[in-house]
>>> print(open('start07.txt').read())   # compact mmCIF, C-alpha atoms
# COMPACT_ATOMS: atom_id res chain seq x y z
CA LEU A 102 -7.55 -0.06 -8.05
CA MET A 103 -5.29 1.73 -10.47
CA PHE A 104 -2.05 0.07 -11.57
CA SER A 105 0.25 1.30 -14.31
CA PRO A 106 -0.54 -0.27 -17.72
CA ASP A 107 2.30 -2.79 -17.75
CA GLN A 108 1.20 -4.15 -14.38
CA GLU A 109 -2.33 -4.67 -15.61
CA ASN A 110 -1.10 -7.25 -18.13
CA HIS A 111 0.88 -9.14 -15.48
CA PRO A 112 -1.09 -8.81 -12.25
CA SER A 113 1.27 -11.24 -10.50
CA LYS A 114 4.04 -8.65 -10.85
CA ALA A 115 2.02 -5.98 -9.05
CA PRO A 116 3.71 -5.35 -5.70
CA VAL A 117 1.79 -6.38 -2.59
CA LYS A 118 -0.01 -3.38 -1.11
CA TYR A 119 -0.18 -3.42 2.71
CA GLY A 120 -2.55 -0.48 2.88
CA GLU A 121 -2.80 3.29 2.55
CA LEU A 122 -2.66 6.24 4.91
CA ILE A 123 -4.98 9.13 4.03
CA VAL A 124 -4.66 12.47 5.82
CA LEU A 125 -8.01 13.80 7.05
CA GLY A 126 -8.92 17.28 5.85
CA TYR A 127 -7.91 16.99 2.18
CA ASN A 128 -10.23 16.35 -0.72
CA GLY A 129 -8.07 14.12 -2.91
CA SER A 130 -4.78 16.04 -2.84
CA LEU A 131 -2.87 18.74 -0.94
CA PRO A 132 -4.06 22.30 -1.78
CA ASN A 133 -1.06 23.13 -3.96
CA GLY A 134 -0.71 19.61 -5.34
CA ASP A 135 1.04 16.50 -4.05
CA ARG A 136 4.84 16.56 -4.25
CA GLY A 137 7.19 13.66 -3.56
CA ARG A 138 6.85 12.44 0.03
CA ARG A 139 4.40 15.28 0.86
CA LYS A 140 0.94 14.27 -0.29
CA SER A 141 -2.53 13.64 1.11
CA ARG A 142 -2.37 9.88 0.59
CA PHE A 143 0.50 7.40 0.99
CA ALA A 144 0.44 3.77 -0.17
CA LEU A 145 2.58 1.22 1.70
CA PHE A 146 3.90 -1.45 -0.67
CA LYS A 147 6.00 -4.52 0.13
CA ARG A 148 9.62 -3.43 -0.23
CA PRO A 149 12.01 -5.20 -2.62
CA LYS A 150 14.14 -5.96 0.45
CA ALA A 151 12.99 -6.14 4.08
CA ASN A 152 14.00 -3.11 6.21
CA GLY A 153 12.19 -3.93 9.46
CA VAL A 154 13.96 -3.99 12.85
CA LYS A 155 13.32 -5.76 16.16
CA PRO A 156 14.75 -5.22 19.67
CA SER A 157 17.89 -7.20 20.58
CA THR A 158 20.55 -6.33 23.18
CA VAL A 159 19.64 -4.14 26.17
CA HIS A 160 22.48 -2.10 27.72
CA ILE A 161 21.58 -0.98 31.24
CA ALA A 162 23.30 1.60 33.46
CA CYS A 163 25.24 3.26 30.68
CA THR A 164 27.14 6.47 31.23
CA PRO A 165 26.32 9.13 28.65
CA GLN A 166 29.64 8.33 26.89
CA ALA A 167 28.88 4.60 26.69
CA ALA A 168 25.35 5.34 25.47
CA LYS A 169 26.76 7.59 22.76
CA ALA A 170 29.21 4.88 21.67
CA ILE A 171 26.42 2.30 21.32
CA SER A 172 24.08 4.65 19.50
CA ASN A 173 26.89 5.59 17.11
CA LYS A 174 27.08 2.03 15.84
CA ASP A 175 25.64 1.49 12.40
CA GLN A 176 22.43 0.00 13.68
CA HIS A 177 19.12 1.16 15.09
CA SER A 178 18.79 1.90 18.81
CA ILE A 179 16.46 3.55 21.31
CA SER A 180 18.01 5.48 24.22
CA TYR A 181 16.08 6.06 27.43
CA THR A 182 17.74 8.75 29.57
CA LEU A 183 16.85 8.03 33.20
CA SER A 184 19.16 10.61 34.79
CA ARG A 185 22.32 12.53 33.91
CA ALA A 186 24.32 9.50 34.98
CA GLN A 187 22.21 6.67 33.66
CA THR A 188 20.85 5.76 30.24
CA VAL A 189 19.39 2.49 29.03
CA VAL A 190 20.11 1.76 25.36
CA VAL A 191 18.17 -0.90 23.48
CA GLU A 192 19.81 -2.07 20.27
CA TYR A 193 17.56 -3.08 17.39
CA THR A 194 18.57 -5.68 14.84
CA HIS A 195 17.50 -6.38 11.25
CA ASP A 196 14.22 -8.30 10.88
CA SER A 197 13.90 -10.08 7.53
CA ASN A 198 10.17 -10.69 8.05
CA THR A 199 8.99 -7.08 8.26
CA ASP A 200 9.02 -3.75 6.42
CA MET A 201 9.20 -0.45 8.29
CA PHE A 202 7.60 2.84 7.20
CA GLN A 203 8.19 6.10 9.09
CA ILE A 204 5.93 9.14 9.32
CA GLY A 205 6.71 12.62 10.63
CA ARG A 206 7.21 16.30 9.94
CA SER A 207 10.91 15.96 9.09
CA THR A 208 11.96 15.90 5.45
CA GLU A 209 15.10 13.89 6.31
CA SER A 210 15.53 10.64 4.37
CA PRO A 211 14.33 8.16 7.05
CA ILE A 212 10.83 9.65 6.80
CA ASP A 213 8.74 7.90 4.13
CA PHE A 214 5.65 10.08 4.48
CA VAL A 215 6.06 13.77 5.39
CA VAL A 216 3.03 15.14 7.26
CA THR A 217 2.38 18.78 8.17
CA ASP A 218 -0.30 20.33 10.36
CA THR A 219 -3.79 20.30 8.89
CA VAL A 220 -5.48 23.71 8.94
CA PRO A 221 -9.27 23.21 8.68
CA GLY A 222 -10.71 24.42 5.40
CA SER A 223 -7.41 25.77 4.07
CA GLN A 224 -7.37 26.02 0.29
CA SER A 225 -3.70 26.81 -0.16
CA ASN A 226 -0.44 25.99 1.55
CA SER A 227 0.07 29.68 2.28
CA ASP A 228 -2.73 29.34 4.85
CA THR A 229 -0.76 26.65 6.65
CA GLN A 230 2.81 27.90 6.75
CA SER A 231 2.64 30.20 9.77
CA VAL A 232 1.41 27.58 12.23
CA GLN A 233 3.82 26.46 14.94
CA SER A 234 3.79 22.70 14.37
CA THR A 235 2.89 20.24 17.11
CA ILE A 236 3.67 17.20 14.93
CA SER A 237 6.88 15.45 15.92
CA ARG A 238 9.69 15.38 13.34
CA PHE A 239 9.91 11.59 13.70
CA ALA A 240 6.36 10.90 14.86
CA CYS A 241 5.69 7.20 14.42
CA ARG A 242 6.60 4.04 12.57
CA ILE A 243 4.46 1.30 11.06
CA ILE A 244 5.84 -2.23 10.83
CA CYS A 245 4.19 -4.56 8.29
CA GLU A 246 4.59 -8.34 8.15
CA ARG A 247 5.95 -9.33 4.72
CA ASN A 248 3.89 -12.54 4.71
CA PRO A 249 0.08 -12.95 4.71
CA PRO A 250 -2.03 -11.68 6.38
CA PHE A 251 0.43 -8.71 6.16
CA THR A 252 -0.39 -7.46 9.66
CA ALA A 253 0.49 -3.77 10.25
CA ARG A 254 1.47 -2.52 13.72
CA ILE A 255 2.07 1.04 14.87
CA TYR A 256 4.68 2.38 17.32
CA ALA A 257 5.27 5.88 18.65
CA ALA A 258 8.47 7.67 17.52
CA GLY A 259 10.57 7.13 14.42
CA PHE A 260 14.31 6.56 13.99
CA ASP A 261 16.27 9.66 12.94
CA SER A 262 19.04 9.95 10.32
CA SER A 263 21.53 8.33 12.67
CA LYS A 264 19.06 5.46 13.28
CA ASN A 265 18.36 6.57 16.85
CA ILE A 266 15.34 7.38 18.96
CA PHE A 267 16.19 9.47 22.05
CA LEU A 268 13.80 9.76 24.97
CA GLY A 269 15.27 12.58 27.06
CA GLU A 270 14.96 13.17 30.79
CA LYS A 271 11.60 14.94 30.43
CA ALA A 272 9.89 12.21 28.37
CA ALA A 273 7.58 9.79 30.18
CA LYS A 274 9.40 6.43 30.40
CA TRP A 275 9.47 3.38 32.66
CA LYS A 276 10.69 -0.16 33.14
CA THR A 277 8.13 -2.84 32.29
CA SER A 278 7.39 -5.88 34.47
CA ASP A 279 9.68 -8.06 32.35
CA GLY A 280 12.60 -5.64 32.70
CA GLN A 281 12.23 -3.95 29.31
CA MET A 282 12.05 -0.18 28.82
CA ASP A 283 9.15 1.73 27.28
CA GLY A 284 8.10 5.35 26.92
CA LEU A 285 5.79 7.96 25.37
CA THR A 286 6.60 10.77 22.96
CA THR A 287 5.99 14.41 23.95
CA ASN A 288 2.58 14.91 22.29
CA GLY A 289 1.86 11.22 21.89
CA VAL A 290 0.51 9.04 19.11
CA LEU A 291 -3.20 8.30 19.56
CA VAL A 292 -5.06 5.50 17.81
CA MET A 293 -8.74 4.64 17.53
CA HIS A 294 -9.99 1.37 16.01
CA PRO A 295 -13.64 1.55 14.92
CA ARG A 296 -15.89 -1.29 16.13
CA ASN A 297 -17.04 -3.52 13.22
CA GLY A 298 -14.30 -2.23 10.91
CA PHE A 299 -14.79 0.59 8.43
CA MET A 300 -18.28 0.14 7.03
CA GLU A 301 -21.74 1.57 7.24
CA ASP A 302 -22.64 0.06 10.61
CA SER A 303 -19.29 0.77 12.28
CA LYS A 304 -19.25 2.60 15.58
CA PRO A 305 -16.38 4.67 16.96
CA GLY A 306 -13.99 2.86 19.30
CA ILE A 307 -12.08 4.41 22.20
CA TRP A 308 -9.05 6.63 21.60
CA ARG A 309 -5.85 5.13 23.08
CA GLU A 310 -2.21 6.15 23.25
CA ILE A 311 0.49 3.94 21.71
CA SER A 312 3.92 3.74 23.34
CA VAL A 313 7.36 3.60 21.74
CA CYS A 314 7.27 -0.21 22.08
CA GLY A 315 3.71 -0.50 20.76
CA ASN A 316 1.86 -1.02 24.04
CA VAL A 317 -1.63 0.45 24.47
CA PHE A 318 -2.58 2.96 27.18
CA SER A 319 -5.61 5.01 28.17
CA LEU A 320 -5.15 8.73 27.36
CA ARG A 321 -3.12 11.04 29.59
CA GLU A 322 -4.98 13.86 31.41
CA THR A 323 -3.69 16.28 28.77
CA ARG A 324 -1.79 15.56 25.59
CA SER A 325 1.75 15.99 26.94
CA ALA A 326 1.22 15.27 30.65
CA GLN A 327 4.12 13.50 32.40
CA GLN A 328 1.94 10.76 33.87
CA ARG A 329 1.08 7.93 31.49
CA GLY A 330 -2.42 6.43 31.36
CA LYS A 331 -3.30 2.89 32.44
CA MET A 332 -2.08 0.01 30.31
CA VAL A 333 -4.88 -1.64 28.32
CA GLU A 334 -3.79 -5.28 28.18
CA ILE A 335 -6.62 -6.57 25.99
CA GLU A 336 -5.97 -4.15 23.10
CA THR A 337 -3.10 -4.17 20.62
CA ASN A 338 -1.25 -1.79 18.31
CA GLN A 339 -2.42 -3.78 15.29
CA LEU A 340 -4.01 -1.50 12.69
CA GLN A 341 -7.31 -2.53 11.15
CA ASP A 342 -9.29 -1.11 8.24
CA GLY A 343 -10.55 2.31 9.37
CA SER A 344 -8.09 2.79 12.26
CA LEU A 345 -7.38 6.48 12.90
CA ILE A 346 -3.90 7.66 13.89
CA ASP A 347 -3.59 11.10 15.48
CA LEU A 348 -0.18 12.81 15.46
CA CYS A 349 -1.30 15.99 17.28
CA GLY A 350 -1.77 18.31 14.32
CA ALA A 351 -2.83 15.78 11.68
CA THR A 352 -5.02 12.69 11.75
CA LEU A 353 -4.45 9.77 9.37
CA LEU A 354 -6.93 7.13 8.27
CA TRP A 355 -5.51 3.61 7.71
CA ARG A 356 -7.20 1.64 4.93
CA THR A 357 -6.19 -1.94 4.21
CA ALA A 358 -5.80 -3.09 0.60
CA GLU A 359 -8.78 -5.39 1.18
CA GLY A 360 -10.89 -2.54 2.57
CA LEU A 361 -9.97 -0.23 -0.32
CA SER A 362 -11.12 -2.85 -2.82
CA HIS A 363 -14.70 -2.21 -1.59
CA THR A 364 -14.60 1.61 -1.72
CA PRO A 365 -15.89 3.51 -4.72
CA THR A 366 -13.25 4.36 -7.32
CA VAL A 367 -12.72 7.90 -8.55
CA LYS A 368 -14.41 6.70 -11.78
CA HIS A 369 -17.47 5.65 -9.75
CA LEU A 370 -17.62 9.05 -8.00
CA GLU A 371 -17.34 10.75 -11.39
CA ALA A 372 -20.23 8.60 -12.70
CA LEU A 373 -22.36 9.62 -9.68
CA ARG A 374 -21.55 13.29 -10.40
CA GLN A 375 -22.62 12.92 -14.02
CA GLU A 376 -25.79 11.10 -12.97
CA ILE A 377 -26.85 13.94 -10.65
CA ASN A 378 -26.07 16.50 -13.35
CA ALA A 379 -27.95 14.44 -15.97
CA ALA A 380 -31.10 14.70 -13.82
CA ARG A 381 -30.82 18.47 -14.45
CA PRO A 382 -31.57 19.71 -10.93
CA GLN A 383 -32.94 23.24 -11.05
CA CYS A 384 -32.86 26.29 -8.90
CA PRO A 385 -36.47 26.54 -7.64
CA VAL A 386 -36.23 30.32 -7.83
CA GLY A 387 -34.25 31.15 -10.97
CA PHE A 388 -35.17 27.89 -12.78
CA ASN A 389 -31.61 27.71 -14.08
CA THR A 390 -30.06 24.22 -14.31
CA LEU A 391 -27.47 23.41 -11.63
CA ALA A 392 -24.41 21.22 -12.09
CA PHE A 393 -21.59 19.99 -9.86
CA PRO A 394 -18.29 21.15 -11.39
CA SER A 395 -15.75 18.51 -12.42
CA MET A 396 -13.59 17.06 -9.66
CA LYS A 397 -10.53 18.87 -10.97
CA ARG A 398 -12.12 22.24 -10.24
CA LYS A 399 -12.76 21.78 -6.59
CA ASP A 400 -11.92 25.14 -5.10
CA VAL A 401 -13.36 27.77 -7.45
CA VAL A 402 -17.11 28.40 -7.19
CA ASP A 403 -18.71 27.77 -10.58
CA GLU A 404 -21.71 29.80 -11.79
CA LYS A 405 -23.85 26.63 -12.09
CA GLN A 406 -22.72 25.35 -8.70
CA PRO A 407 -25.51 24.17 -6.40
CA TRP A 408 -25.86 26.03 -3.08
CA VAL A 409 -27.79 24.83 -0.05
CA TYR A 410 -29.63 26.32 2.91
CA LEU A 411 -28.06 24.37 5.78
CA ASN A 412 -31.12 24.42 8.02
CA CYS A 413 -33.55 22.81 5.60
CA GLY A 414 -31.45 21.24 2.83
CA HIS A 415 -33.18 23.02 -0.08
CA VAL A 416 -30.73 23.25 -2.99
CA HIS A 417 -30.64 26.46 -5.06
CA GLY A 418 -28.39 28.27 -7.46
CA TYR A 419 -26.48 31.24 -6.11
CA HIS A 420 -28.77 34.21 -5.78
CA ASN A 421 -28.59 37.46 -3.97
CA TRP A 422 -32.00 38.10 -2.54
CA GLY A 423 -33.87 37.13 0.59
CA ASN A 424 -30.69 37.75 2.54
CA LYS A 425 -30.83 39.73 5.71
CA GLU A 426 -27.10 40.46 5.32
CA GLU A 427 -25.27 40.89 1.99
CA ARG A 428 -22.34 38.64 2.91
CA ASP A 429 -21.98 34.90 2.11
CA GLY A 430 -22.17 32.48 4.97
CA LYS A 431 -24.41 34.79 6.99
CA ASP A 432 -27.91 33.59 7.76
CA ARG A 433 -30.43 33.80 4.93
CA GLU A 434 -34.06 32.90 4.52
CA CYS A 435 -34.82 29.93 2.25
CA PRO A 436 -37.34 31.02 -0.45
CA MET A 437 -38.92 27.53 -0.37
CA CYS A 438 -39.70 27.11 3.31
CA ARG A 439 -38.72 30.39 4.98
CA SER A 440 -36.33 28.69 7.41
CA VAL A 441 -33.36 30.92 8.21
CA GLY A 442 -29.81 29.64 8.20
CA PRO A 443 -26.41 29.71 6.50
CA TYR A 444 -26.31 29.41 2.70
CA VAL A 445 -23.20 27.69 1.30
CA PRO A 446 -21.91 26.21 -1.98
CA LEU A 447 -21.90 22.40 -2.28
CA TRP A 448 -18.69 20.50 -3.11
CA LEU A 449 -18.37 16.85 -4.00
CA GLY A 450 -16.22 14.74 -1.69
CA CYS A 451 -13.54 13.41 -4.08
CA GLU A 452 -11.38 11.37 -1.68
CA ALA A 453 -12.85 7.90 -2.23
CA GLY A 454 -10.97 6.42 0.73
CA PHE A 455 -13.25 8.33 3.16
CA TYR A 456 -16.44 6.71 1.80
CA VAL A 457 -17.91 3.81 3.82
CA ASP A 458 -20.10 2.75 0.88
CA ALA A 459 -20.69 3.54 -2.78
CA GLY A 460 -24.08 5.21 -2.29
CA PRO A 461 -25.22 8.29 -4.22
CA PRO A 462 -24.18 11.79 -3.03
CA THR A 463 -27.42 12.73 -1.26
CA HIS A 464 -26.16 14.36 1.96
CA ALA A 465 -23.84 17.22 2.88
CA PHE A 466 -21.71 17.95 5.94
CA SER A 467 -22.62 21.13 7.77
CA PRO A 468 -21.34 23.87 7.70
CA CYS A 469 -18.78 23.19 4.93
CA GLY A 470 -21.09 21.75 2.24
CA HIS A 471 -19.03 18.68 1.28
CA VAL A 472 -21.34 16.15 -0.35
CA CYS A 473 -21.15 12.34 -0.18
CA SER A 474 -23.31 9.31 0.60
CA GLU A 475 -25.73 9.29 3.52
CA LYS A 476 -23.88 6.50 5.34
CA THR A 477 -20.56 8.30 4.96
CA THR A 478 -21.94 11.50 6.53
CA ALA A 479 -23.57 9.46 9.31
CA TYR A 480 -20.29 7.62 10.01
CA TRP A 481 -17.98 10.64 10.23
CA SER A 482 -20.50 12.73 12.18
CA GLN A 483 -20.15 10.35 15.15
CA ILE A 484 -16.33 10.08 15.15
CA PRO A 485 -14.71 12.29 17.81
CA LEU A 486 -11.38 13.57 16.42
CA PRO A 487 -8.66 15.00 18.67
CA HIS A 488 -8.48 18.78 18.46
CA GLY A 489 -5.79 20.80 20.18
CA THR A 490 -4.36 19.28 23.35
CA HIS A 491 -7.42 17.96 25.13
CA THR A 492 -10.66 18.36 23.22
CA PHE A 493 -12.40 16.18 20.66
CA HIS A 494 -14.97 17.04 18.02
CA ALA A 495 -16.51 15.57 14.87
CA ALA A 496 -15.18 17.06 11.62
CA CYS A 497 -15.67 16.78 7.87
CA PRO A 498 -13.05 14.32 6.55
CA PHE A 499 -12.73 16.29 3.29
CA CYS A 500 -11.78 19.64 4.89
CA ALA A 501 -11.41 19.10 8.68
CA HIS A 502 -14.05 21.74 9.52
CA GLN A 503 -15.74 21.09 12.85
CA LEU A 504 -19.30 19.88 12.22
CA ALA A 505 -22.23 22.04 13.34
CA GLY A 506 -25.96 21.64 13.80
CA GLU A 507 -27.85 18.82 15.48
CA GLN A 508 -26.45 16.00 13.36
CA GLY A 509 -23.51 17.62 11.63
CA TYR A 510 -24.98 16.82 8.21
CA ILE A 511 -28.18 17.36 6.19
CA ARG A 512 -30.18 15.59 3.50
CA LEU A 513 -30.17 17.55 0.25
CA ILE A 514 -33.52 18.38 -1.38
CA PHE A 515 -33.05 18.87 -5.13
CA GLN A 516 -35.77 20.19 -7.38
CA GLY A 517 -36.03 18.34 -10.68
CA PRO A 518 -36.76 20.07 -14.02
CA LEU A 519 -40.39 21.16 -14.40
CA ASP A 520 -40.75 20.16 -18.07
>>> encode(input="start07.txt", output="structure tokens")
Amino acid sequence: LMFSPDQENHPSKAPVKYGELIVLGYNGSLPNGDRGRRKSRFALFKRPKANGVKPSTVHIACTPQAAKAISNKDQHSISYTLSRAQTVVVEYTHDSNTDMFQIGRSTESPIDFVVTDTVPGSQSNSDTQSVQSTISRFACRIICERNPPFTARIYAAGFDSSKNIFLGEKAAKWKTSDGQMDGLTTNGVLVMHPRNGFMEDSKPGIWREISVCGNVFSLRETRSAQQRGKMVEIETNQLQDGSLIDLCGATLLWRTAEGLSHTPTVKHLEALRQEINAARPQCPVGFNTLAFPSMKRKDVVDEKQPWVYLNCGHVHGYHNWGNKEERDGKDRECPMCRSVGPYVPLWLGCEAGFYVDAGPPTHAFSPCGHVCSEKTTAYWSQIPLPHGTHTFHAACPFCAHQLAGEQGYIRLIFQGPLD
């Protein structure tokens, strides 16, 4: 993976990478470019100094005034409001063995990674501004062990600028069997660990909800229902390579440093692009040579861009005949096999972290036309992603468009040069 030049000469000085979070629905960067803490991909590195916290003193039966006094102290705390008269405050103390990273919609300083709602297929931030966000300002926190194996665990809710988490009267909360408090956030933090890790023969796991204290529950009836699901004792909040984290408005993929070392690099994807173009695929109708545009130009249709008929997979150049309707995206008849279906431009999937292998770009998601390896399309086509408050559907990881058709992807049929 890429390090800055001076780190390459002294690999021992390279900071330990715990893993990376990649937001589903972006093809390598945010539409208007990555800026500061707002980007499509966030790497978690070992901090120079530990900033993790762990629960310590529990204050029960506090009046609102007493609760305020405790939470005003210069340390982290979680307040559980049981009634107007009673609040339980749990103080958190410094933990020298862990690093904490916080994720949410807020741009306040405690948030390390600022995440906004993903709008499927949006090419510019202007498409996304008007949406009323369902992502919590302080959505979740990830705690990483500073020593090998650098285990990462996820918890719902993040501490705000005054180092507090408040669960108000309306939030679902309860006392656990050992007398501790726990609770859920309004829209919840859902996690799914794939079975067999993140690789070609992985299968989707079961979506669960993670509580404020990191316990695992079955899903509520609807996203923000008052009644919590059943506790799942045999599962944990430990992230593994390929775990998906849903914040109700955006879904993040967790990749471990180890897992990322097996994914194709951007250089590898570029080599695959050049290899396809070097084979000089042709439009079977116009006989003009087709070429995938460079990865930097990933939102403007190029004149040599390959297009595909989604029903049959025959790749053509853009042409304007044989169409029953003059507009793009409407059904057209393929000149090769006469099957009728949508006709869309093909785009290379540039976010290497979404690939389960380094295979050639032979398949495309339908209906968006993002191209990647066969095993990558097969993997994502079977992953149900939360959508809205109580539905799930498979989507293209590069643009978040809901998949269509029998499989959600097609094999591309290129025609080689005739000479």
>>> atom_distance(input="start07.txt", atom1="atom CA of Ala372 of chain A", atom2="atom CA of Thr463 of chain A")
14.1 Å
>>> atom_distance(input="start07.txt", atom1="atom CA of Lys476 of chain A", atom2="atom CA of Pro407 of chain A")
21.3 Å
>>> residues_around(input="start07.txt", residues="segment 360-366 of chain A", least_positions_apart="6", cutoff="12 Å", atoms="only C-alpha atoms", output="number ranges by chain")
A: 102-103, 118-123, 129, 144, 298-301, 341-344, 354, 372-373, 450-462, 473-474, 477
>>> atom_distance(input="start07.txt", atom1="atom CA of Thr286 of chain A", atom2="atom CA of Gly222 of chain A")
28.2 Å
>>> closest_atom_pairs(input="start07.txt", of="segment 126-175 of chain A", to="segment 234-250 of chain A", cutoff="10 Å", atoms="all atoms listed in the file", output="Markdown table")
| residue | atom | partner | partner_atom | distance |
| --- | --- | --- | --- | --- |
| A:Leu145 | CA | A:Cys245 | CA | 8.9 |
| A:Phe146 | CA | A:Cys245 | CA | 9.5 |
| A:Lys147 | CA | A:Arg247 | CA | 6.6 |
| A:Arg148 | CA | A:Arg247 | CA | 8.5 |
| A:Lys150 | CA | A:Arg247 | CA | 9.8 |
| A:Ala151 | CA | A:Arg247 | CA | 7.8 |
| A:Asn152 | CA | A:Ile244 | CA | 9.4 |
| A:Gly153 | CA | A:Ile244 | CA | 6.7 |
| A:Val154 | CA | A:Ile244 | CA | 8.6 |
| A:Lys155 | CA | A:Ile244 | CA | 9.8 |
>>> closest_residue(input="start07.txt", among="A:Gly205, A:Gly306, A:Gly134, A:Gly418", to="Pro382 of chain A", atoms="all atoms listed in the file")
A:Gly418
>>> closest_residue(input="start07.txt", among="A:Lys304, A:Gly269, A:Asp196, A:Ser207", to="Pro485 of chain A", atoms="all atoms listed in the file")
A:Lys304
>>> residues_around(input="start07.txt", residues="Tyr127 of chain A", least_positions_apart="2", cutoff="10 Å", atoms="all atoms listed in the file", output="MDAnalysis selection string")
chainID A and resid 123:125 129:132 140:142 219:224 450:452 497:501
>>> residues_near_point(input="start07.txt", point="(8.1, 11.5, 17.7)", cutoff="12 Å", atoms="only C-alpha atoms", output="MDAnalysis selection string")
chainID A and resid 203:207 212 235:242 256:261 265:269 272 284:291 311:313 347:349
>>> residues_near_point(input="start07.txt", point="(20.1, 11.5, 33.5)", cutoff="10 Å", atoms="all atoms listed in the file", output="PyMOL selection string")
chain A and resi 164-165+181-188+269-271
>>> residues_around(input="start07.txt", residues="Leu411 of chain A", least_positions_apart="4", cutoff="10 Å", atoms="all atoms listed in the file", output="NGL selection string")
:A and (415-416 or 432-433 or 435 or 440-445 or 465-470 or 505-506 or 510-513)
>>> axis_aligned_box(input="start07.txt", around="segment 479-495 of chain A", padding_each_side="8 Å", output="lines of an AutoDock Vina configuration file")
center_x = -14.0
center_y = 14.2
center_z = 17.2
size_x = 35.2
size_y = 29.2
size_z = 31.8
>>> closest_residue(input="start07.txt", among="A:Phe393, A:Ala170, A:Val401, A:His420", to="Glu376 of chain A", atoms="only C-alpha atoms")
A:Phe393
>>> closest_residue(input="start07.txt", among="A:Asn378, A:Thr478, A:Gln516, A:Thr390", to="Met437 of chain A", atoms="only C-alpha atoms")
A:Gln516
>>> residues_around(input="start07.txt", residues="Arg329 of chain A", least_positions_apart="4", cutoff="9 Å", atoms="all atoms listed in the file", output="ChimeraX atom specification")
/A:273-274,284-285,318-322
>>> build_atoms(input="start07.txt", residues="segment 449-453 of chain A", atoms="all heavy atoms", output="CSV table (one decimal), in the coordinates of the input")
chain,number,residue,atom,x,y,z
A,449,LEU,N,-18.4,18.3,-4.1
A,449,LEU,CA,-18.4,16.8,-4.0
A,449,LEU,C,-17.1,16.4,-3.2
A,449,LEU,O,-16.0,16.9,-3.4
A,449,LEU,CB,-18.3,16.2,-5.4
A,449,LEU,CG,-19.7,16.2,-6.1
A,449,LEU,CD1,-19.5,15.6,-7.5
A,449,LEU,CD2,-20.7,15.3,-5.3
A,450,GLY,N,-17.4,15.4,-2.4
A,450,GLY,CA,-16.2,14.7,-1.7
A,450,GLY,C,-15.5,13.8,-2.7
A,450,GLY,O,-16.1,12.9,-3.2
A,451,CYS,N,-14.3,14.2,-3.0
A,451,CYS,CA,-13.5,13.4,-4.1
A,451,CYS,C,-12.6,12.4,-3.5
A,451,CYS,O,-12.1,11.6,-4.3
A,451,CYS,CB,-12.7,14.4,-4.9
A,451,CYS,SG,-13.6,15.8,-5.6
A,452,GLU,N,-12.3,12.4,-2.2
A,452,GLU,CA,-11.4,11.4,-1.7
A,452,GLU,C,-12.2,10.1,-1.4
A,452,GLU,O,-12.8,10.0,-0.4
A,452,GLU,CB,-10.7,11.9,-0.4
A,452,GLU,CG,-9.8,10.9,0.3
A,452,GLU,CD,-8.8,10.3,-0.7
A,452,GLU,OE1,-7.8,10.9,-1.1
A,452,GLU,OE2,-9.0,9.1,-1.1
A,453,ALA,N,-12.0,9.1,-2.3
A,453,ALA,CA,-12.8,7.9,-2.2
A,453,ALA,C,-12.6,7.1,-1.0
A,453,ALA,O,-13.4,6.4,-0.5
A,453,ALA,CB,-12.6,7.0,-3.5
